[in-house]
$ cat model_39.txt   # compact mmCIF, C-alpha atoms and all ligand atoms
# COMPACT_ATOMS: atom_id res chain seq x y z
CA MET A 1 0.00 0.00 0.00
CA ASP A 2 2.81 2.42 0.87
CA GLU A 3 4.35 1.89 -2.57
CA ILE A 4 1.25 2.82 -4.51
CA HIS A 5 0.38 5.46 -1.96
CA PRO A 6 3.42 7.28 -0.63
CA GLY A 7 3.17 10.15 1.76
CA ARG A 8 4.40 11.38 5.04
CA VAL A 9 3.66 10.13 8.55
CA THR A 10 4.36 12.47 11.49
CA LYS A 11 6.44 11.48 14.53
CA ASP A 12 3.12 10.74 16.26
CA GLY A 13 2.25 8.25 13.53
CA ILE A 14 -0.36 10.47 11.89
CA ARG A 15 -0.58 10.14 8.11
CA ILE A 16 -0.47 13.30 6.03
CA HIS A 17 -2.75 12.80 3.03
CA GLU A 18 -2.57 14.44 -0.34
CA ALA A 19 -5.02 16.66 -2.19
CA ARG A 20 -6.42 13.77 -4.25
CA ASP A 21 -7.12 11.76 -1.10
CA PHE A 22 -9.73 14.33 -0.05
CA ALA A 23 -11.86 13.27 -3.02
CA GLY A 24 -11.83 9.66 -1.82
CA MET A 25 -12.84 10.63 1.70
CA ARG A 26 -15.56 12.93 0.40
CA LYS A 27 -17.17 10.09 -1.54
CA ALA A 28 -17.09 7.67 1.39
CA GLY A 29 -18.22 10.31 3.89
CA GLN A 30 -21.07 11.44 1.70
CA LEU A 31 -22.40 7.90 1.35
CA ALA A 32 -22.32 7.36 5.12
CA ALA A 33 -24.06 10.70 5.67
CA HIS A 34 -26.65 9.94 2.98
CA ILE A 35 -27.48 6.64 4.68
CA LEU A 36 -27.99 8.49 7.97
CA ASP A 37 -30.25 10.96 6.12
CA GLU A 38 -32.37 8.16 4.68
CA ILE A 39 -32.71 6.22 7.92
CA ALA A 40 -34.33 9.20 9.69
CA GLN A 41 -37.79 8.49 8.23
CA HIS A 42 -37.66 4.95 9.63
CA VAL A 43 -37.11 5.97 13.26
CA TYR A 44 -40.40 5.98 15.19
CA PRO A 45 -41.92 4.34 18.25
CA GLY A 46 -42.48 0.64 17.55
CA GLN A 47 -39.61 0.40 15.07
CA THR A 48 -36.90 -2.10 15.98
CA THR A 49 -33.16 -1.51 15.99
CA GLY A 50 -32.72 -4.77 14.08
CA ALA A 51 -34.92 -3.51 11.25
CA LEU A 52 -33.01 -0.21 11.11
CA ASP A 53 -29.73 -2.12 10.78
CA LYS A 54 -31.19 -4.29 8.02
CA LEU A 55 -32.16 -1.17 6.07
CA ILE A 56 -28.65 0.23 6.54
CA THR A 57 -27.10 -3.03 5.34
CA GLN A 58 -29.25 -2.86 2.20
CA MET A 59 -28.36 0.77 1.53
CA VAL A 60 -24.63 0.02 1.81
CA GLN A 61 -25.01 -2.90 -0.61
CA GLN A 62 -27.15 -0.97 -3.08
CA ALA A 63 -24.50 1.74 -3.23
CA GLY A 64 -21.91 -0.89 -4.14
CA ALA A 65 -19.97 -0.07 -1.00
CA GLN A 66 -18.84 -2.19 1.94
CA SER A 67 -19.65 -1.98 5.62
CA ALA A 68 -16.53 -1.34 7.69
CA THR A 69 -18.08 -2.78 10.84
CA ILE A 70 -19.27 -6.18 9.56
CA GLY A 71 -16.43 -8.50 10.47
CA TYR A 72 -14.56 -5.82 12.43
CA ARG A 73 -13.23 -7.57 15.56
CA GLY A 74 -16.10 -10.03 15.32
CA TYR A 75 -18.80 -7.35 15.07
CA GLN A 76 -21.61 -8.54 12.79
CA HIS A 77 -23.68 -5.47 11.94
CA ALA A 78 -23.57 -2.52 9.54
CA SER A 79 -24.37 -0.03 12.30
CA CYS A 80 -24.14 0.59 16.00
CA ILE A 81 -27.43 1.73 17.52
CA SER A 82 -27.13 3.13 21.02
CA VAL A 83 -30.41 3.85 22.80
CA ASN A 84 -30.82 6.15 25.84
CA HIS A 85 -28.13 5.31 28.43
CA VAL A 86 -26.13 3.24 25.92
CA VAL A 87 -23.02 5.35 25.27
CA CYS A 88 -21.82 3.61 22.09
CA HIS A 89 -21.47 0.25 20.31
CA GLY A 90 -25.09 -0.74 20.95
CA ILE A 91 -25.80 -3.92 18.96
CA PRO A 92 -28.87 -3.67 16.72
CA GLY A 93 -31.39 -6.41 17.29
CA ALA A 94 -29.74 -7.56 20.51
CA GLY A 95 -32.25 -6.19 23.00
CA ILE A 96 -32.38 -2.66 24.36
CA PRO A 97 -30.86 -2.39 27.85
CA MET A 98 -33.39 -1.15 30.38
CA GLY A 99 -32.90 2.33 31.76
CA LYS A 100 -33.26 3.34 35.37
CA ASP A 101 -36.92 4.32 34.94
CA GLU A 102 -37.76 0.95 33.42
CA THR A 103 -36.64 -1.41 36.16
CA ILE A 104 -36.31 -1.47 39.89
CA SER A 105 -34.12 -4.53 39.50
CA ARG A 106 -30.46 -4.28 40.49
CA ASN A 107 -29.65 -6.48 37.53
CA LEU A 108 -27.55 -4.15 35.35
CA GLU A 109 -28.03 -6.33 32.30
CA LYS A 110 -31.80 -6.36 32.13
CA ARG A 111 -33.08 -5.81 28.61
CA ARG A 112 -36.48 -4.98 27.21
CA ALA A 113 -38.61 -7.87 25.96
CA ASP A 114 -37.95 -6.79 22.36
CA ASP A 115 -35.96 -4.30 20.31
CA ARG A 116 -38.83 -1.92 19.75
CA LEU A 117 -38.21 1.77 20.31
CA LEU A 118 -40.53 3.50 22.75
CA ASP A 119 -41.92 7.04 22.52
CA GLY A 120 -39.27 9.44 23.79
CA ASP A 121 -36.28 7.13 23.26
CA ILE A 122 -33.18 8.88 21.96
CA LEU A 123 -30.69 6.94 19.88
CA ASN A 124 -27.37 7.32 18.14
CA ILE A 125 -26.91 5.54 14.81
CA ASP A 126 -23.27 5.12 13.75
CA VAL A 127 -22.39 3.98 10.24
CA THR A 128 -18.97 3.40 8.67
CA VAL A 129 -18.66 2.54 4.99
CA ILE A 130 -15.76 1.77 2.71
CA VAL A 131 -15.85 3.28 -0.78
CA ASP A 132 -12.91 2.66 -3.14
CA GLY A 133 -10.84 1.80 -0.07
CA TRP A 134 -11.65 5.00 1.85
CA PHE A 135 -13.51 4.96 5.17
CA GLY A 136 -16.46 7.26 5.95
CA ASP A 137 -17.49 7.23 9.62
CA THR A 138 -20.35 9.30 11.03
CA SER A 139 -23.07 9.16 13.63
CA ARG A 140 -25.94 11.31 14.80
CA MET A 141 -28.84 11.38 17.19
CA TYR A 142 -32.44 10.49 16.43
CA VAL A 143 -35.59 10.58 18.54
CA ALA A 144 -38.46 8.08 18.46
CA GLY A 145 -41.57 10.21 18.87
CA LYS A 146 -41.36 13.18 21.19
CA PRO A 147 -38.21 13.81 23.24
CA LYS A 148 -38.27 14.79 26.89
CA PRO A 149 -36.95 18.34 27.41
CA PHE A 150 -33.84 17.12 29.25
CA ALA A 151 -33.08 14.66 26.44
CA GLU A 152 -33.44 17.43 23.89
CA ARG A 153 -31.02 19.58 25.87
CA LEU A 154 -28.49 16.75 26.06
CA ILE A 155 -28.68 16.28 22.30
CA GLN A 156 -28.24 20.02 21.68
CA VAL A 157 -25.26 20.32 24.03
CA THR A 158 -23.60 17.28 22.41
CA TYR A 159 -24.15 18.67 18.93
CA ASP A 160 -22.78 22.08 19.94
CA ALA A 161 -19.80 20.42 21.64
CA LEU A 162 -18.88 18.58 18.42
CA MET A 163 -19.18 21.80 16.43
CA MET A 164 -17.01 23.70 18.92
CA GLY A 165 -14.39 20.97 18.65
CA ILE A 166 -14.55 21.24 14.86
CA GLU A 167 -14.08 25.01 15.02
CA ALA A 168 -10.69 24.35 16.64
CA VAL A 169 -9.53 22.35 13.59
CA ARG A 170 -6.90 24.28 11.64
CA PRO A 171 -3.19 23.85 10.96
CA GLY A 172 -1.13 25.02 13.91
CA ASN A 173 -3.76 24.23 16.55
CA THR A 174 -3.34 21.04 18.58
CA PHE A 175 -5.50 18.02 19.35
CA GLY A 176 -5.60 19.33 22.91
CA ASP A 177 -7.33 22.46 21.62
CA ILE A 178 -10.11 20.27 20.18
CA GLY A 179 -10.55 18.32 23.42
CA HIS A 180 -10.43 21.46 25.49
CA ALA A 181 -13.11 23.19 23.42
CA ILE A 182 -15.43 20.19 23.83
CA GLN A 183 -14.78 19.55 27.51
CA SER A 184 -15.03 23.13 28.68
CA TYR A 185 -18.34 23.67 26.92
CA VAL A 186 -19.90 20.39 28.10
CA GLU A 187 -18.84 20.94 31.69
CA SER A 188 -20.09 24.55 31.61
CA GLN A 189 -23.50 22.97 30.89
CA ARG A 190 -23.11 20.65 33.91
CA MET A 191 -22.89 17.54 31.77
CA SER A 192 -19.93 15.17 31.44
CA VAL A 193 -17.62 14.04 28.65
CA VAL A 194 -16.97 10.30 28.33
CA ARG A 195 -13.25 9.51 28.73
CA ASP A 196 -13.34 5.79 27.88
CA PHE A 197 -13.84 6.21 24.11
CA CYS A 198 -12.30 8.64 21.68
CA GLY A 199 -12.17 9.73 18.07
CA HIS A 200 -9.49 8.39 15.75
CA GLY A 201 -7.46 8.93 12.66
CA LEU A 202 -8.90 7.26 9.55
CA GLY A 203 -8.42 7.19 5.81
CA ARG A 204 -7.64 3.93 4.05
CA VAL A 205 -7.92 2.38 7.51
CA PHE A 206 -10.73 2.46 10.06
CA HIS A 207 -8.79 3.33 13.19
CA ALA A 208 -5.37 4.97 13.00
CA PRO A 209 -3.37 7.37 15.17
CA PRO A 210 -4.04 9.68 16.83
CA ASN A 211 -6.54 9.02 19.59
CA VAL A 212 -8.73 12.12 19.40
CA LEU A 213 -9.62 12.84 23.00
CA HIS A 214 -12.77 14.83 23.74
CA TYR A 215 -11.17 16.45 26.76
CA GLY A 216 -7.78 18.03 27.27
CA ARG A 217 -5.65 21.07 27.64
CA ALA A 218 -5.28 23.88 25.14
CA GLY A 219 -1.95 23.75 23.36
CA HIS A 220 -1.25 20.13 24.33
CA GLY A 221 -1.08 17.08 22.09
CA PRO A 222 0.11 16.69 18.49
CA ARG A 223 -0.09 19.72 16.22
CA LEU A 224 -2.66 19.66 13.42
CA GLU A 225 -1.35 19.67 9.87
CA GLU A 226 -3.01 19.97 6.50
CA GLY A 227 -3.81 16.49 5.19
CA MET A 228 -4.63 14.84 8.51
CA PHE A 229 -7.93 12.88 8.48
CA PHE A 230 -9.70 11.98 11.72
CA THR A 231 -13.05 11.76 13.47
CA ILE A 232 -14.38 13.83 16.31
CA GLU A 233 -17.16 11.95 18.10
CA PRO A 234 -17.87 13.23 21.61
CA MET A 235 -20.10 11.21 23.90
CA VAL A 236 -21.82 13.36 26.52
CA ASN A 237 -23.67 12.10 29.59
CA LEU A 238 -26.37 13.86 31.59
CA GLY A 239 -24.88 12.29 34.73
CA ARG A 240 -21.40 11.01 35.48
CA ALA A 241 -18.78 10.19 32.85
CA GLU A 242 -18.07 6.58 33.88
CA THR A 243 -19.04 3.76 31.54
CA ARG A 244 -19.27 0.01 31.70
CA VAL A 245 -19.30 -2.62 28.95
CA LEU A 246 -22.08 -5.23 29.17
CA ALA A 247 -21.49 -8.99 29.03
CA ASP A 248 -21.96 -8.98 25.23
CA ASP A 249 -18.50 -7.31 25.17
CA TRP A 250 -19.73 -4.43 23.01
CA THR A 251 -22.56 -2.42 24.53
CA ALA A 252 -21.13 0.46 26.56
CA VAL A 253 -23.52 2.08 29.04
CA THR A 254 -23.31 4.88 31.57
CA ARG A 255 -22.61 3.39 34.99
CA ASP A 256 -25.22 5.62 36.59
CA LYS A 257 -27.71 4.84 33.77
CA SER A 258 -27.98 8.52 32.89
CA LEU A 259 -28.79 9.39 29.27
CA SER A 260 -25.92 9.66 26.81
CA ALA A 261 -25.66 11.28 23.38
CA GLN A 262 -23.07 11.37 20.58
CA PHE A 263 -22.42 12.98 17.20
CA GLU A 264 -19.55 12.09 14.87
CA HIS A 265 -18.01 13.64 11.77
CA SER A 266 -15.08 12.51 9.62
CA ILE A 267 -12.89 15.55 9.03
CA GLY A 268 -9.90 16.57 6.92
CA VAL A 269 -7.53 19.37 7.86
CA THR A 270 -7.20 21.91 5.01
CA ALA A 271 -4.76 24.81 4.56
CA SER A 272 -7.17 27.24 6.18
CA GLY A 273 -9.26 25.01 8.47
CA TYR A 274 -11.22 21.85 7.82
CA GLU A 275 -13.46 19.93 5.45
CA LEU A 276 -16.36 17.89 6.85
CA PHE A 277 -16.50 14.73 4.75
CA THR A 278 -19.72 13.59 6.40
CA LEU A 279 -21.87 16.72 6.10
CA SER A 280 -25.51 15.71 5.58
CA PRO A 281 -26.41 16.04 1.89
CA ALA A 282 -30.03 16.67 2.95
CA GLY A 283 -29.17 19.00 5.84
CA ARG A 284 -30.47 16.49 8.38
CA PHE A 285 -27.51 16.11 10.70
CA HIS A 286 -29.43 17.40 13.70
CA PRO A 287 -32.67 15.59 14.64
CA SER A 288 -34.69 18.80 14.66
CA TRP A 289 -33.71 19.50 11.05
CA GLY A 290 -36.01 16.92 9.62
N1 LIG B 301 -18.03 3.58 14.05
C1 LIG B 301 -17.43 3.41 15.35
C2 LIG B 301 -16.47 4.56 15.53
O1 LIG B 301 -16.91 5.65 15.51
C3 LIG B 301 -16.75 2.10 15.50
C4 LIG B 301 -17.68 0.97 15.55
S1 LIG B 301 -16.79 -0.48 15.63
C5 LIG B 301 -17.99 -1.65 15.77
O2 LIG B 301 -15.28 4.42 15.61
F1 LIG B 301 -17.39 -2.77 15.59
F2 LIG B 301 -18.55 -1.53 16.95
F3 LIG B 301 -18.90 -1.44 14.85
CO CO B 302 -15.39 6.75 14.66
CO CO B 303 -18.50 5.82 14.10
$ encode --input "model_39.txt" --output "structure tokens"
Amino acid sequence: MDEIHPGRVTKDGIRIHEARDFAGMRKAGQLAAHILDEIAQHVYPGQTTGALDKLITQMVQQAGAQSATIGYRGYQHASCISVNHVVCHGIPGAGIPMGKDETISRNLEKRRADDRLLDGDILNIDVTVIVDGWFGDTSRMYVAGKPKPFAERLIQVTYDALMMGIEAVRPGNTFGDIGHAIQSYVESQRMSVVRDFCGHGLGRVFHAPPNVLHYGRAGHGPRLEEGMFFTIEPMVNLGRAETRVLADDWTAVTRDKSLSAQFEHSIGVTASGYELFTLSPAGRFHPSWG
């Protein structure tokens, strides 16, 4: 691969891509974003997460692309669907973990009887596709029916936190500047940033250096350079930051069962700032936009 695709890697192991590589990322990112646009109309109370994943699988196939998650470390689905207090890596069709209002049981692993979404559920859908060898990775929030006001606020703060992180993307800034922008905003809103999962470099690979932390100190961390490709994907909790992975080895939940939200873009650093590869073609990135 290095022979047909030369290029520089920084001392932190971060690949510097070339102008033509942006076109590849744009195509992959736009397909992932388009799939998230199309899935919006299928999210409603009574819908199942398994059916949503099936639709996503079909859309990836119909586009002639590949799912990056099917077969990734044994994962078998084209999406992760994380409902309510699930932080990330929720498995579609595998039963929705019960929230603290749904059970008085101490059993942390209790799941609903089926995968149906209930009115007021909030969910993150995360899709990664491979197009011509390039990876497009994006996720956003959806609501089944009518959101509770505190859930709506969580979603808005998480969205704004991602966008504030993105605004820190330009050559000369550091990865710490991105994390700091996200963390300081989220904590000013009395919510918490998950520390146990991070964004990542990507390109012709799914997960590459650096780890993109959603917290940090201004001026710290590797310096951003034109041609770096990575995701920013903050997870924000209404309660405490701590997470736990369920016995299925994938589903990450908030330890205190507080609600969690996440948005993710795949981003390229340009000479003057950034390009969002995963911008919604239909303008539907935020749940209130249709
Ligand atoms: N798309 C996720 C990310 O943002 C990774 C999912 S890996 C899976 O990095 F195996 F859980 F699908
Ligand atoms: Co990602
Ligand atoms: Co993702």
$ residues_around --input "model_39.txt" --residues "His207 (chain A)" --least-positions-apart "5" --cutoff "10 Å" --atoms "all atoms listed in the file" --output "list of chain:residue names"
A:Phe135, A:Gly199, A:His200, A:Gly201, A:Leu202, A:Phe230, A:Thr231
$ residues_near_point --input "model_39.txt" --point "(-6.3, 24.9, -2.3)" --cutoff "12 Å" --atoms "only C-alpha atoms" --output "list in words"
Glu18, Ala19, Arg20, Phe22, Glu226, Gly227, Val269, Thr270, Ala271, Ser272, Gly273, Tyr274 and Glu275 of chain A
$ write_last_selection --input "model_39.txt" --atoms "C-alpha atoms" --output "PDB file, in the coordinates of the input"
ATOM      1  CA  GLU A  18      -2.570  14.440  -0.340  1.00  0.00           C
ATOM      2  CA  ALA A  19      -5.020  16.660  -2.190  1.00  0.00           C
ATOM      3  CA  ARG A  20      -6.420  13.770  -4.250  1.00  0.00           C
ATOM      4  CA  PHE A  22      -9.730  14.330  -0.050  1.00  0.00           C
ATOM      5  CA  GLU A 226      -3.010  19.970   6.500  1.00  0.00           C
ATOM      6  CA  GLY A 227      -3.810  16.490   5.190  1.00  0.00           C
ATOM      7  CA  VAL A 269      -7.530  19.370   7.860  1.00  0.00           C
ATOM      8  CA  THR A 270      -7.200  21.910   5.010  1.00  0.00           C
ATOM      9  CA  ALA A 271      -4.760  24.810   4.560  1.00  0.00           C
ATOM     10  CA  SER A 272      -7.170  27.240   6.180  1.00  0.00           C
ATOM     11  CA  GLY A 273      -9.260  25.010   8.470  1.00  0.00           C
ATOM     12  CA  TYR A 274     -11.220  21.850   7.820  1.00  0.00           C
ATOM     13  CA  GLU A 275     -13.460  19.930   5.450  1.00  0.00           C
TER      14      GLU A 275
END
$ residues_around --input "model_39.txt" --residues "region 188-195 of chain A" --least-positions-apart "2" --cutoff "7 Å" --atoms "all atoms listed in the file" --output "list of chain:residue names"
A:Gln183, A:Ser184, A:Tyr185, A:Val186, A:Phe197, A:His214, A:Met235, A:Val236, A:Asn237, A:Leu238, A:Gly239, A:Arg240, A:Ala241, A:Glu242
$ write_last_selection --input "model_39.txt" --atoms "C-alpha atoms" --output "tab-separated table (two decimals), keeping the file's coordinate frame"
chain	number	residue	atom	x	y	z
A	183	GLN	CA	-14.78	19.55	27.51
A	184	SER	CA	-15.03	23.13	28.68
A	185	TYR	CA	-18.34	23.67	26.92
A	186	VAL	CA	-19.90	20.39	28.10
A	197	PHE	CA	-13.84	6.21	24.11
A	214	HIS	CA	-12.77	14.83	23.74
A	235	MET	CA	-20.10	11.21	23.90
A	236	VAL	CA	-21.82	13.36	26.52
A	237	ASN	CA	-23.67	12.10	29.59
A	238	LEU	CA	-26.37	13.86	31.59
A	239	GLY	CA	-24.88	12.29	34.73
A	240	ARG	CA	-21.40	11.01	35.48
A	241	ALA	CA	-18.78	10.19	32.85
A	242	GLU	CA	-18.07	6.58	33.88
$ atom_distance --input "model_39.txt" --atom1 "CA of Gly203 (chain A)" --atom2 "CA of Ala63 (chain A)"
19.2 Å
$ closest_residue --input "model_39.txt" --among "A:Asp256, A:Gln156, A:Gly136, A:Arg116" --to "Gly46 (chain A)" --atoms "all atoms listed in the file"
A:Arg116
$ closest_atom_pairs --input "model_39.txt" --of "chain A" --to "ligand CO 303 (chain B)" --cutoff "8 Å" --atoms "only C-alpha atoms and all ligand atoms" --output "tab-separated table"
residue	atom	partner	partner_atom	distance
A:Cys80	CA	B:CO303	CO	7.9
A:Asp126	CA	B:CO303	CO	4.8
A:Val127	CA	B:CO303	CO	5.8
A:Thr128	CA	B:CO303	CO	6.0
A:Asp137	CA	B:CO303	CO	4.8
A:Thr138	CA	B:CO303	CO	5.0
A:Ser139	CA	B:CO303	CO	5.7
A:Glu233	CA	B:CO303	CO	7.4
A:Glu264	CA	B:CO303	CO	6.4
$ atom_distance --input "model_39.txt" --atom1 "CA of Glu225 (chain A)" --atom2 "CA of Gly268 (chain A)"
9.6 Å
$ atom_distance --input "model_39.txt" --atom1 "CA of Met98 (chain A)" --atom2 "CA of Val86 (chain A)"
9.6 Å
$ residues_around --input "model_39.txt" --residues "Pro287 (chain A)" --least-positions-apart "5" --cutoff "8 Å" --atoms "all atoms listed in the file" --output "PDB file with C-alpha atoms, in the frame of the given file"
ATOM      1  CA  ARG A 140     -25.940  11.310  14.800  1.00  0.00           C
ATOM      2  CA  MET A 141     -28.840  11.380  17.190  1.00  0.00           C
ATOM      3  CA  TYR A 142     -32.440  10.490  16.430  1.00  0.00           C
ATOM      4  CA  VAL A 143     -35.590  10.580  18.540  1.00  0.00           C
TER       5      VAL A 143
END
